file input_38.tsv (TSV, C-alpha atoms)
chain	number	residue	atom	x	y	z
A	1	MET	CA	0.00	0.00	0.00
A	2	SER	CA	1.35	3.38	-0.90
A	3	ASP	CA	0.28	6.92	-0.23
A	4	HIS	CA	0.11	9.45	-2.99
A	5	GLN	CA	0.80	13.13	-2.73
A	6	VAL	CA	-2.09	15.13	-4.19
A	7	THR	CA	-2.69	18.82	-4.70
A	8	VAL	CA	-6.34	19.69	-5.10
A	9	THR	CA	-7.98	23.10	-5.27
A	10	VAL	CA	-11.38	23.00	-3.61
A	11	ASN	CA	-13.58	26.09	-3.77
A	12	GLY	CA	-10.52	28.20	-4.53
A	13	VAL	CA	-8.36	26.87	-1.70
A	14	GLU	CA	-5.36	24.71	-2.53
A	15	TYR	CA	-4.82	21.63	-0.37
A	16	GLU	CA	-1.82	19.32	-0.35
A	17	ARG	CA	-2.40	15.96	1.26
A	18	GLU	CA	-1.21	12.37	1.29
A	19	VAL	CA	-3.93	9.94	0.28
A	20	GLU	CA	-4.23	6.21	-0.04
A	21	ALA	CA	-5.17	5.13	-3.56
A	22	ARG	CA	-8.28	3.44	-2.22
A	23	LYS	CA	-9.77	6.65	-0.81
A	24	LEU	CA	-12.81	7.93	-2.66
A	25	LEU	CA	-12.96	11.62	-3.51
A	26	ILE	CA	-16.05	12.10	-1.32
A	27	HIS	CA	-14.22	10.74	1.74
A	28	PHE	CA	-11.18	12.88	1.00
A	29	VAL	CA	-13.28	16.03	0.84
A	30	ARG	CA	-15.43	15.21	3.86
A	31	ASP	CA	-12.93	13.53	6.18
A	32	ASP	CA	-9.54	14.94	5.21
A	33	LEU	CA	-10.59	18.48	4.23
A	34	ASP	CA	-13.51	18.65	6.68
A	35	LEU	CA	-15.84	19.97	3.98
A	36	THR	CA	-18.95	18.07	4.98
A	37	GLY	CA	-21.45	19.88	2.77
A	38	SER	CA	-21.33	17.13	0.17
A	39	HIS	CA	-23.19	14.09	1.41
A	40	ILE	CA	-22.90	10.34	1.04
A	41	GLY	CA	-26.33	8.96	0.34
A	42	CYS	CA	-26.28	5.58	-1.34
A	43	ASP	CA	-22.55	5.08	-1.88
A	44	THR	CA	-23.43	3.12	-5.02
A	45	GLY	CA	-23.41	5.90	-7.59
A	46	ASN	CA	-27.16	6.23	-7.78
A	47	CYS	CA	-28.31	9.08	-5.55
A	48	GLY	CA	-26.09	12.02	-6.51
A	49	ALA	CA	-25.84	13.48	-2.97
A	50	CYS	CA	-22.04	13.46	-3.41
A	51	SER	CA	-22.10	15.40	-6.70
A	52	MET	CA	-19.21	17.80	-7.24
A	53	ILE	CA	-17.87	19.76	-10.18
A	54	VAL	CA	-14.36	18.56	-11.03
A	55	ASN	CA	-12.47	20.57	-13.64
A	56	GLY	CA	-15.78	21.99	-14.79
A	57	THR	CA	-17.46	18.59	-15.12
A	58	LEU	CA	-20.27	17.31	-12.93
A	59	VAL	CA	-19.36	13.98	-11.31
A	60	LYS	CA	-20.44	11.72	-8.49
A	61	SER	CA	-17.52	11.84	-6.10
A	62	CYS	CA	-18.21	8.37	-4.71
A	63	MET	CA	-17.21	6.93	-8.08
A	64	MET	CA	-13.88	8.70	-8.36
A	65	LEU	CA	-10.70	8.19	-6.37
A	66	ALA	CA	-9.16	11.11	-4.52
A	67	VAL	CA	-5.85	10.39	-6.22
A	68	GLN	CA	-7.58	10.96	-9.57
A	69	ALA	CA	-8.32	14.52	-8.50
A	70	ASP	CA	-4.62	15.38	-8.22
A	71	GLY	CA	-4.14	18.75	-9.90
A	72	ALA	CA	-7.88	19.25	-10.27
A	73	THR	CA	-10.16	22.13	-9.40
A	74	VAL	CA	-13.13	20.93	-7.38
A	75	GLU	CA	-16.32	22.80	-6.55
A	76	THR	CA	-18.66	21.72	-3.77
A	77	VAL	CA	-21.79	23.25	-2.27
A	78	GLU	CA	-19.65	25.26	0.19
A	79	GLY	CA	-18.23	27.19	-2.75
A	80	LEU	CA	-21.57	28.48	-4.04
A	81	ALA	CA	-22.52	31.29	-1.64
A	82	GLU	CA	-20.24	34.29	-1.13
A	83	GLY	CA	-20.26	34.63	2.63
A	84	ASP	CA	-23.90	35.00	3.62
A	85	GLU	CA	-24.95	35.93	0.13
A	86	LEU	CA	-26.72	33.01	-1.49
A	87	THR	CA	-26.55	32.42	-5.22
A	88	PRO	CA	-29.80	33.09	-7.09
A	89	LEU	CA	-30.25	29.32	-7.32
A	90	GLN	CA	-29.82	28.82	-3.57
A	91	GLN	CA	-32.20	31.72	-2.91
A	92	SER	CA	-34.69	30.14	-5.28
A	93	PHE	CA	-34.45	26.80	-3.45
A	94	SER	CA	-35.31	28.65	-0.24
A	95	GLU	CA	-38.21	30.54	-1.79
A	96	HIS	CA	-39.69	27.48	-3.50
A	97	HIS	CA	-39.38	25.22	-0.45
A	98	ALA	CA	-37.13	23.01	-2.57
A	99	LEU	CA	-35.70	21.21	0.41
A	100	GLN	CA	-37.40	19.15	3.06
A	101	CYS	CA	-34.90	17.06	5.01
A	102	GLY	CA	-32.11	18.72	3.03
A	103	TYR	CA	-29.98	15.64	2.55
A	104	CYS	CA	-30.06	15.71	-1.25
A	105	THR	CA	-29.81	19.51	-1.45
A	106	PRO	CA	-26.01	19.87	-1.85
A	107	GLY	CA	-26.08	17.49	-4.81
A	108	MET	CA	-29.19	19.09	-6.31
A	109	LEU	CA	-27.63	22.55	-6.06
A	110	ILE	CA	-24.37	21.41	-7.64
A	111	SER	CA	-26.11	19.55	-10.47
A	112	ALA	CA	-28.41	22.48	-11.19
A	113	THR	CA	-25.45	24.87	-11.03
A	114	ALA	CA	-23.62	22.77	-13.62
A	115	LEU	CA	-26.72	22.78	-15.81
A	116	LEU	CA	-27.28	26.53	-15.64
A	117	ARG	CA	-23.62	27.26	-16.38
A	118	ALA	CA	-23.68	25.12	-19.51
A	119	ASN	CA	-27.19	26.13	-20.49
A	120	PRO	CA	-28.62	29.27	-18.83
A	121	SER	CA	-31.98	28.78	-20.57
A	122	PRO	CA	-32.82	25.10	-20.19
A	123	SER	CA	-36.19	23.76	-21.26
A	124	GLU	CA	-38.32	21.91	-18.71
A	125	GLU	CA	-37.22	18.65	-20.27
A	126	GLU	CA	-33.56	19.68	-20.02
A	127	ILE	CA	-33.98	20.54	-16.32
A	128	ARG	CA	-35.54	17.17	-15.63
A	129	LYS	CA	-32.83	15.34	-17.57
A	130	ALA	CA	-30.09	17.33	-15.79
A	131	LEU	CA	-31.39	16.29	-12.38
A	132	GLN	CA	-31.92	12.66	-13.31
A	133	GLY	CA	-28.82	11.60	-11.38
A	134	ASN	CA	-30.01	13.13	-8.12
A	135	ILE	CA	-32.51	11.34	-5.94
A	136	CYS	CA	-34.66	13.09	-3.32
A	137	ARG	CA	-35.81	10.62	-0.69
A	138	CYS	CA	-38.51	13.08	0.44
A	139	THR	CA	-39.71	12.97	-3.19
A	140	GLY	CA	-39.75	16.76	-3.27
A	141	TYR	CA	-38.92	16.86	-6.95
A	142	TRP	CA	-41.62	19.26	-8.02
A	143	ASN	CA	-40.40	22.16	-5.88
A	144	ILE	CA	-36.79	21.46	-6.80
A	145	PHE	CA	-37.78	21.59	-10.46
A	146	GLU	CA	-39.72	24.84	-9.89
A	147	ALA	CA	-36.76	26.39	-8.08
A	148	VAL	CA	-34.42	25.66	-10.96
A	149	LYS	CA	-36.96	26.76	-13.54
A	150	ALA	CA	-37.42	30.08	-11.76
A	151	VAL	CA	-33.76	31.04	-12.22
A	152	ALA	CA	-33.52	29.72	-15.78
A	153	LYS	CA	-33.55	32.60	-18.22
B	1	MET	CA	-17.21	2.85	1.46
B	2	LEU	CA	-13.59	2.08	2.12
B	3	LEU	CA	-12.17	0.06	-0.74
B	4	ARG	CA	-9.79	-2.80	-0.20
B	5	GLU	CA	-6.18	-1.66	-0.37
B	6	VAL	CA	-5.05	-1.13	-3.93
B	7	GLU	CA	-2.04	0.26	-5.74
B	8	TYR	CA	-2.52	2.97	-8.32
B	9	ALA	CA	-0.62	3.79	-11.48
B	10	LYS	CA	-1.37	6.54	-13.97
B	11	PRO	CA	0.59	5.83	-17.14
B	12	THR	CA	1.11	8.54	-19.73
B	13	SER	CA	1.35	6.31	-22.78
B	14	VAL	CA	-0.43	3.20	-24.01
B	15	SER	CA	2.84	1.26	-23.97
B	16	ASP	CA	3.40	2.20	-20.31
B	17	ALA	CA	-0.18	1.17	-19.55
B	18	LEU	CA	0.36	-2.20	-21.24
B	19	SER	CA	3.57	-2.72	-19.23
B	20	ALA	CA	1.77	-1.88	-15.99
B	21	LEU	CA	-1.09	-4.25	-16.83
B	22	ALA	CA	1.31	-7.04	-17.77
B	23	ALA	CA	3.50	-6.55	-14.68
B	24	HIS	CA	0.84	-7.68	-12.19
B	25	ASP	CA	-1.63	-10.54	-12.38
B	26	GLY	CA	-4.04	-8.51	-10.30
B	27	ALA	CA	-3.82	-5.37	-12.39
B	28	ARG	CA	-6.93	-3.92	-13.89
B	29	ALA	CA	-7.56	-1.00	-16.22
B	30	LEU	CA	-9.56	1.85	-14.70
B	31	ALA	CA	-11.52	3.73	-17.36
B	32	GLY	CA	-14.42	5.92	-16.21
B	33	GLY	CA	-14.84	3.91	-13.04
B	34	GLN	CA	-18.63	4.12	-13.14
B	35	THR	CA	-18.87	0.35	-12.90
B	36	LEU	CA	-15.51	-0.76	-11.55
B	37	ILE	CA	-15.41	1.46	-8.46
B	38	ASN	CA	-18.84	0.26	-7.38
B	39	VAL	CA	-17.89	-3.33	-8.05
B	40	MET	CA	-14.82	-2.78	-5.85
B	41	LYS	CA	-17.00	-1.36	-3.06
B	42	ALA	CA	-19.08	-4.53	-3.17
B	43	ARG	CA	-15.84	-6.60	-3.14
B	44	ALA	CA	-17.08	-8.30	-6.31
B	45	ALA	CA	-13.71	-7.31	-7.78
B	46	SER	CA	-10.54	-6.66	-5.81
B	47	PRO	CA	-7.76	-5.67	-8.16
B	48	ASP	CA	-4.29	-5.30	-6.63
B	49	VAL	CA	-3.34	-2.50	-8.98
B	50	LEU	CA	-5.51	0.02	-10.78
B	51	VAL	CA	-4.03	1.27	-14.03
B	52	ASP	CA	-5.79	4.58	-14.61
B	53	LEU	CA	-6.29	5.26	-18.31
B	54	ASN	CA	-7.48	8.84	-17.80
B	55	GLY	CA	-4.08	10.30	-18.68
B	56	LEU	CA	-3.98	8.67	-22.09
B	57	ASP	CA	-4.99	11.31	-24.60
B	58	GLU	CA	-4.21	8.87	-27.43
B	59	LEU	CA	-7.28	6.86	-26.35
B	60	LYS	CA	-9.60	9.85	-26.58
B	61	GLY	CA	-11.35	11.48	-29.47
B	62	ILE	CA	-13.49	10.63	-32.47
B	63	GLU	CA	-12.37	10.70	-36.08
B	64	LEU	CA	-14.51	10.60	-39.20
B	65	ALA	CA	-12.86	9.33	-42.39
B	66	ALA	CA	-13.87	10.47	-45.87
B	67	ASP	CA	-15.74	7.20	-46.46
B	68	GLY	CA	-17.84	7.71	-43.33
B	69	THR	CA	-15.90	5.30	-41.12
B	70	LEU	CA	-15.87	6.45	-37.50
B	71	THR	CA	-13.04	5.72	-35.12
B	72	ILE	CA	-13.86	6.22	-31.46
B	73	GLY	CA	-11.12	6.19	-28.84
B	74	ALA	CA	-11.86	3.77	-26.03
B	75	MET	CA	-11.60	6.53	-23.39
B	76	THR	CA	-14.15	8.78	-25.07
B	77	SER	CA	-16.87	9.60	-22.55
B	78	TYR	CA	-20.56	9.33	-23.36
B	79	THR	CA	-20.87	13.10	-23.00
B	80	GLU	CA	-18.02	13.66	-25.46
B	81	LEU	CA	-19.67	11.28	-27.91
B	82	MET	CA	-23.00	13.13	-27.57
B	83	ALA	CA	-21.26	16.46	-28.28
B	84	SER	CA	-19.16	15.19	-31.18
B	85	ALA	CA	-19.89	16.63	-34.64
B	86	GLU	CA	-18.10	13.63	-36.20
B	87	ALA	CA	-20.26	11.10	-34.34
B	88	LYS	CA	-23.36	12.54	-35.99
B	89	ALA	CA	-22.32	10.49	-39.01
B	90	ARG	CA	-23.83	7.52	-37.14
B	91	PRO	CA	-26.69	9.17	-35.20
B	92	ILE	CA	-27.71	6.05	-33.25
B	93	LEU	CA	-24.50	6.28	-31.19
B	94	ALA	CA	-25.34	9.58	-29.49
B	95	GLU	CA	-29.02	8.62	-29.27
B	96	VAL	CA	-28.24	5.48	-27.31
B	97	VAL	CA	-25.51	6.82	-25.01
B	98	SER	CA	-27.73	9.79	-24.10
B	99	THR	CA	-30.03	7.25	-22.40
B	100	ILE	CA	-27.31	5.73	-20.22
B	101	ALA	CA	-27.93	6.51	-16.53
B	102	ASP	CA	-27.56	10.24	-15.83
B	103	VAL	CA	-25.43	13.32	-16.51
B	104	GLN	CA	-22.76	12.50	-13.93
B	105	VAL	CA	-22.33	8.93	-15.15
B	106	ARG	CA	-22.28	10.06	-18.79
B	107	ASN	CA	-19.59	12.61	-17.95
B	108	ARG	CA	-17.20	9.97	-16.56
B	109	GLY	CA	-18.36	6.73	-18.18
B	110	THR	CA	-16.58	5.72	-21.37
B	111	VAL	CA	-17.46	3.89	-24.55
B	112	GLY	CA	-14.56	1.50	-24.03
B	113	GLY	CA	-15.50	0.85	-20.44
B	114	ASN	CA	-19.06	0.01	-21.43
B	115	VAL	CA	-18.04	-2.65	-23.94
B	116	CYS	CA	-15.16	-4.04	-21.84
B	117	ALA	CA	-17.35	-4.38	-18.74
B	118	ASN	CA	-19.71	-6.41	-20.97
B	119	ASP	CA	-22.45	-6.48	-18.41
B	120	PRO	CA	-25.29	-8.26	-20.24
B	121	THR	CA	-27.62	-5.32	-19.46
B	122	ASN	CA	-25.29	-2.71	-21.00
B	123	HIS	CA	-26.42	-0.76	-24.04
B	124	LEU	CA	-23.32	-0.81	-26.19
B	125	PRO	CA	-22.52	-4.52	-26.61
B	126	PRO	CA	-25.70	-5.21	-28.64
B	127	LEU	CA	-25.43	-1.88	-30.45
B	128	MET	CA	-21.81	-2.47	-31.48
B	129	THR	CA	-22.69	-6.00	-32.57
B	130	ALA	CA	-25.63	-4.86	-34.70
B	131	ILE	CA	-23.72	-2.05	-36.45
B	132	GLY	CA	-20.73	-4.25	-37.20
B	133	ALA	CA	-18.13	-2.42	-35.08
B	134	ARG	CA	-14.56	-3.67	-34.94
B	135	MET	CA	-12.51	-3.46	-31.77
B	136	THR	CA	-8.78	-2.76	-31.79
B	137	ILE	CA	-6.93	-4.44	-28.94
B	138	ALA	CA	-3.35	-3.54	-28.08
B	139	GLY	CA	-0.98	-5.91	-26.31
B	140	ALA	CA	2.70	-6.65	-25.97
B	141	GLY	CA	2.75	-8.14	-29.46
B	142	GLY	CA	1.11	-5.17	-31.16
B	143	GLU	CA	-2.46	-4.54	-32.22
B	144	ARG	CA	-5.19	-6.83	-33.44
B	145	GLU	CA	-8.71	-6.14	-34.64
B	146	VAL	CA	-11.70	-8.20	-33.50
B	147	PRO	CA	-15.23	-7.89	-34.90
B	148	ALA	CA	-17.84	-7.14	-32.25
B	149	GLU	CA	-19.50	-10.54	-32.64
B	150	GLU	CA	-16.23	-12.18	-31.58
B	151	PHE	CA	-15.36	-9.58	-28.94
B	152	PHE	CA	-18.02	-10.38	-26.35
B	153	LEU	CA	-17.16	-13.78	-24.87
B	154	GLY	CA	-19.18	-14.12	-21.68
B	155	VAL	CA	-20.65	-12.23	-18.76
B	156	TYR	CA	-18.04	-9.54	-17.92
B	157	MET	CA	-15.63	-11.24	-20.35
B	158	THR	CA	-14.31	-9.99	-23.66
B	159	ALA	CA	-11.53	-10.74	-26.11
B	160	VAL	CA	-9.33	-8.27	-24.21
B	161	GLY	CA	-6.95	-10.62	-22.40
B	162	PRO	CA	-4.65	-10.07	-19.43
B	163	GLY	CA	-2.09	-7.40	-20.21
B	164	GLU	CA	-4.15	-6.05	-23.10
B	165	LEU	CA	-6.19	-2.90	-23.69
B	166	LEU	CA	-9.03	-1.94	-25.96
B	167	THR	CA	-7.73	1.17	-27.72
B	168	ARG	CA	-10.43	2.11	-30.23
B	169	ILE	CA	-13.64	1.07	-31.91
B	170	THR	CA	-14.08	1.37	-35.66
B	171	ILE	CA	-17.58	1.75	-36.99
B	172	PRO	CA	-18.53	1.55	-40.68
B	173	ALA	CA	-20.66	4.21	-42.35
B	174	GLY	CA	-24.42	3.90	-42.06
B	175	LYS	CA	-27.44	5.75	-40.77
B	176	HIS	CA	-30.25	3.21	-40.87
B	177	ASP	CA	-30.14	2.00	-37.30
B	178	GLY	CA	-32.58	1.41	-34.48
B	179	PHE	CA	-32.46	0.73	-30.75
B	180	ALA	CA	-35.20	-0.19	-28.31
B	181	ALA	CA	-35.13	-1.05	-24.64
B	182	ILE	CA	-37.35	-1.70	-21.67
B	183	THR	CA	-35.65	-0.08	-18.69
B	184	LEU	CA	-36.06	0.28	-14.94
B	185	GLY	CA	-37.31	3.86	-14.96
B	186	ALA	CA	-36.38	6.41	-17.62
B	187	ASP	CA	-32.78	5.82	-18.75
B	188	GLY	CA	-32.37	3.09	-16.16
B	189	THR	CA	-30.85	-0.38	-16.35
B	190	CYS	CA	-32.11	-2.41	-19.29
B	191	ILE	CA	-34.42	-5.35	-18.60
B	192	ALA	CA	-34.15	-6.19	-22.28
B	193	ASN	CA	-32.83	-4.32	-25.28
B	194	ALA	CA	-32.32	-4.73	-29.01
B	195	ALA	CA	-30.28	-2.93	-31.65
B	196	ALA	CA	-30.85	-3.12	-35.38
B	197	SER	CA	-28.92	-2.02	-38.43
B	198	LEU	CA	-30.25	-1.98	-41.98
B	199	ASN	CA	-27.23	-0.94	-43.94
B	200	GLY	CA	-27.25	-3.72	-46.48
B	201	SER	CA	-28.91	-6.75	-44.93
B	202	LEU	CA	-30.62	-6.45	-41.57
B	203	ARG	CA	-28.64	-7.26	-38.42
B	204	VAL	CA	-30.38	-7.38	-35.06
B	205	ALA	CA	-28.58	-7.91	-31.75
B	206	LEU	CA	-30.47	-8.73	-28.57
B	207	GLY	CA	-29.16	-7.73	-25.16
B	208	CYS	CA	-29.99	-8.98	-21.63
B	209	VAL	CA	-31.12	-12.39	-22.87
B	210	ASP	CA	-27.82	-14.27	-22.84
B	211	ALA	CA	-24.24	-13.89	-21.60
B	212	VAL	CA	-23.35	-12.07	-24.81
B	213	PRO	CA	-25.40	-10.20	-27.43
B	214	VAL	CA	-27.42	-12.56	-29.61
B	215	LEU	CA	-26.87	-11.64	-33.26
B	216	LEU	CA	-29.71	-12.33	-35.65
B	217	GLN	CA	-29.57	-11.95	-39.41
B	218	PRO	CA	-33.20	-12.14	-40.54
B	219	ALA	CA	-33.91	-13.13	-44.13
B	220	SER	CA	-35.44	-9.69	-44.70
B	221	ALA	CA	-36.48	-6.58	-42.79
B	222	ASP	CA	-40.11	-7.63	-42.84
B	223	GLU	CA	-41.78	-8.07	-39.49
B	224	ASP	CA	-42.46	-11.76	-40.06
B	225	ALA	CA	-38.82	-12.39	-40.89
B	226	VAL	CA	-37.61	-10.58	-37.75
B	227	ARG	CA	-40.11	-12.48	-35.62
B	228	ALA	CA	-39.03	-15.78	-37.17
B	229	ALA	CA	-35.37	-14.98	-36.55
B	230	VAL	CA	-36.00	-14.26	-32.85
B	231	GLN	CA	-38.04	-17.44	-32.47
B	232	SER	CA	-35.44	-19.60	-34.19
B	233	ALA	CA	-32.79	-18.29	-31.74
B	234	ASN	CA	-34.45	-20.41	-29.01
B	235	LEU	CA	-33.75	-17.80	-26.38
B	236	ASP	CA	-33.33	-19.04	-22.84
B	237	PRO	CA	-32.90	-15.76	-20.93
B	238	PRO	CA	-32.29	-15.48	-17.21
B	239	SER	CA	-35.14	-14.86	-14.77
B	240	ASP	CA	-34.83	-12.21	-12.13
B	241	VAL	CA	-36.98	-9.96	-9.96
B	242	HIS	CA	-37.71	-7.70	-12.95
B	243	ALA	CA	-38.74	-10.28	-15.53
B	244	SER	CA	-39.23	-14.01	-15.77
B	245	ALA	CA	-37.36	-15.85	-18.51
B	246	GLU	CA	-40.57	-16.19	-20.49
B	247	TYR	CA	-41.43	-12.50	-20.21
B	248	ARG	CA	-37.87	-11.45	-21.07
B	249	ALA	CA	-37.99	-13.63	-24.19
B	250	HIS	CA	-41.28	-11.96	-25.11
B	251	LEU	CA	-39.71	-8.52	-24.59
B	252	ALA	CA	-36.76	-9.50	-26.77
B	253	GLU	CA	-39.11	-10.24	-29.66
B	254	VAL	CA	-41.08	-7.01	-29.21
B	255	LEU	CA	-37.89	-4.95	-28.95
B	256	ALA	CA	-36.32	-6.63	-31.96
B	257	LEU	CA	-39.39	-5.62	-33.98
B	258	ARG	CA	-39.26	-2.05	-32.66
B	259	ALA	CA	-35.55	-1.65	-33.34
B	260	ALA	CA	-35.88	-3.16	-36.82
B	261	ARG	CA	-38.85	-0.91	-37.59
B	262	GLN	CA	-36.89	2.16	-36.53
B	263	ALA	CA	-33.96	1.13	-38.73
B	264	LYS	CA	-36.30	0.51	-41.65
B	265	GLU	CA	-38.07	3.86	-41.23
B	266	ARG	CA	-34.72	5.57	-41.54
B	267	ALA	CA	-33.73	3.60	-44.62

call {"tool": "encode", "arguments": {"input": "input_38.tsv", "output": "structure tokens"}}
result
Amino acid sequence: MSDHQVTVTVNGVEYEREVEARKLLIHFVRDDLDLTGSHIGCDTGNCGACSMIVNGTLVKSCMMLAVQADGATVETVEGLAEGDELTPLQQSFSEHHALQCGYCTPGMLISATALLRANPSPSEEEIRKALQGNICRCTGYWNIFEAVKAVAK
Amino acid sequence: MLLREVEYAKPTSVSDALSALAAHDGARALAGGQTLINVMKARAASPDVLVDLNGLDELKGIELAADGTLTIGAMTSYTELMASAEAKARPILAEVVSTIADVQVRNRGTVGGNVCANDPTNHLPPLMTAIGARMTIAGAGGEREVPAEEFFLGVYMTAVGPGELLTRITIPAGKHDGFAAITLGADGTCIANAAASLNGSLRVALGCVDAVPVLLQPASADEDAVRAAVQSANLDPPSDVHASAEYRAHLAEVLALRAARQAKERA
């Protein structure tokens, strides 16, 4: 077993750490960097609670090794708001009651952020398709959809 | 989930990757990881060494030749395939991969990984078989090309042997293709699927009904001929919680007809 030196920039902050090859990116971010906003829901790649944006690409961080993020720029839910100032999407989630228990919310916000960056004017179908990889156990999909739709131009 | 201890190598050339794969019996290529990492969590696979292919630019990209032949690098992601102008030469490719799982999985999952995993419920093994794709496999002795119908050998098994790598997939020109599936939810796992290609004579490949795609070459593209071809295949599909063997065989016939009809409508 060998440790690997990795340098990862998360939400604009550069971290240098030693990681075992077997460590998943989600565990690295939560346990080693203490950024616990991203959640582990199913740990089988289905639920999307661990979604992050890695080098501009939306991924599920439970299906990527931390060592694979060496040199990468990672964005998590903690990186969205500037201080107390929510992004329009976060504000819209609040206004539309788009979270109940809140467990899926970090992943929903990150997936919707990735969508709106790539496509600021998504159709309803495109919003639904973009959130397909994120499961809400409260089944609060309608309000999540409405919240995203409200900030789509 | 904490994975079992594993070594990690990230080669920067295909020859280095082949050396790393050949150096350890327990070495395994890591493509997009959208299957393998989950399989490792479940301890269904426990490689000693992961050889990460994500640094190999020579395995990425899509080329379109003047005669319409497409060459797809094994490490091309589904998302890259969907966005490729070249891949529009064979529209069925982007259509099918756009129905695999979800955005995140399509961003990391690769065409090569899908065919090399050869899970019987995957989309691409039957599609590649129907459209007559050819797989290029690199090994210590150089490269060899294997037609799709000889590439898929068994559940999770392909012609890619120990110490070898799938490098690219070559797809002949053609537009008259079809694909149909019954899935667990929209874009979910396939319970049964079928791909068809009517570029010349009709080829239909059935997925989820056997260890490898079942290739049918009906006498014509007429519905009766497709139905007869499915029936003469004497399918004996597995039963599971989603479908009995009998129902899955029924689905295979329905989906073969749908895929063949779609291919015919485009002809």

call {"tool": "residues_around", "arguments": {"input": "input_38.tsv", "residues": "Arg22 (chain A)", "least_positions_apart": "3", "cutoff": "9 Å", "atoms": "all atoms listed in the file", "output": "list in words"}}
result
Val19, Leu65, Ala66 and Val67 of chain A; Leu2, Leu3, Arg4, Glu5, Val6, Glu7 and Tyr8 of chain B

call {"tool": "residues_around", "arguments": {"input": "input_38.tsv", "residues": "Ile110 (chain A)", "least_positions_apart": "6", "cutoff": "9 Å", "atoms": "all atoms listed in the file", "output": "number ranges by chain"}}
result
A: 51-53, 58, 75-77, 80

call {"tool": "write_last_selection", "arguments": {"input": "input_38.tsv", "atoms": "C-alpha atoms", "output": "short mmCIF file (atom, residue, chain, number, x, y, z; two decimals), keeping the file's coordinate frame"}}
result
data_model
loop_
_atom_site.label_atom_id
_atom_site.label_comp_id
_atom_site.auth_asym_id
_atom_site.auth_seq_id
_atom_site.Cartn_x
_atom_site.Cartn_y
_atom_site.Cartn_z
CA SER A 51 -22.10 15.40 -6.70
CA MET A 52 -19.21 17.80 -7.24
CA ILE A 53 -17.87 19.76 -10.18
CA LEU A 58 -20.27 17.31 -12.93
CA GLU A 75 -16.32 22.80 -6.55
CA THR A 76 -18.66 21.72 -3.77
CA VAL A 77 -21.79 23.25 -2.27
CA LEU A 80 -21.57 28.48 -4.04
#

call {"tool": "residues_around", "arguments": {"input": "input_38.tsv", "residues": "Ile169 (chain B)", "least_positions_apart": "5", "cutoff": "7 Å", "atoms": "all atoms listed in the file", "output": "mmCIF file with C-alpha atoms, in the frame of the given file"}}
result
data_model
loop_
_atom_site.group_PDB
_atom_site.id
_atom_site.type_symbol
_atom_site.label_atom_id
_atom_site.label_comp_id
_atom_site.auth_asym_id
_atom_site.auth_seq_id
_atom_site.Cartn_x
_atom_site.Cartn_y
_atom_site.Cartn_z
ATOM 1 C CA THR B 71 -13.040 5.720 -35.120
ATOM 2 C CA ILE B 72 -13.860 6.220 -31.460
ATOM 3 C CA GLY B 73 -11.120 6.190 -28.840
ATOM 4 C CA ALA B 74 -11.860 3.770 -26.030
ATOM 5 C CA ALA B 133 -18.130 -2.420 -35.080
ATOM 6 C CA ARG B 134 -14.560 -3.670 -34.940
ATOM 7 C CA MET B 135 -12.510 -3.460 -31.770
ATOM 8 C CA THR B 136 -8.780 -2.760 -31.790
#

call {"tool": "interface_residues", "arguments": {"input": "input_38.tsv", "of": "chain B", "to": "chain A", "cutoff": "12 Å", "atoms": "only C-alpha atoms", "output": "ChimeraX atom specification"}}
result
/B:1-10,30-42,46-55,77,79-80,98-109,185-189

call {"tool": "atom_distance", "arguments": {"input": "input_38.tsv", "atom1": "CA of Ser121 (chain A)", "atom2": "CA of His97 (chain A)"}}
result
21.7 Å
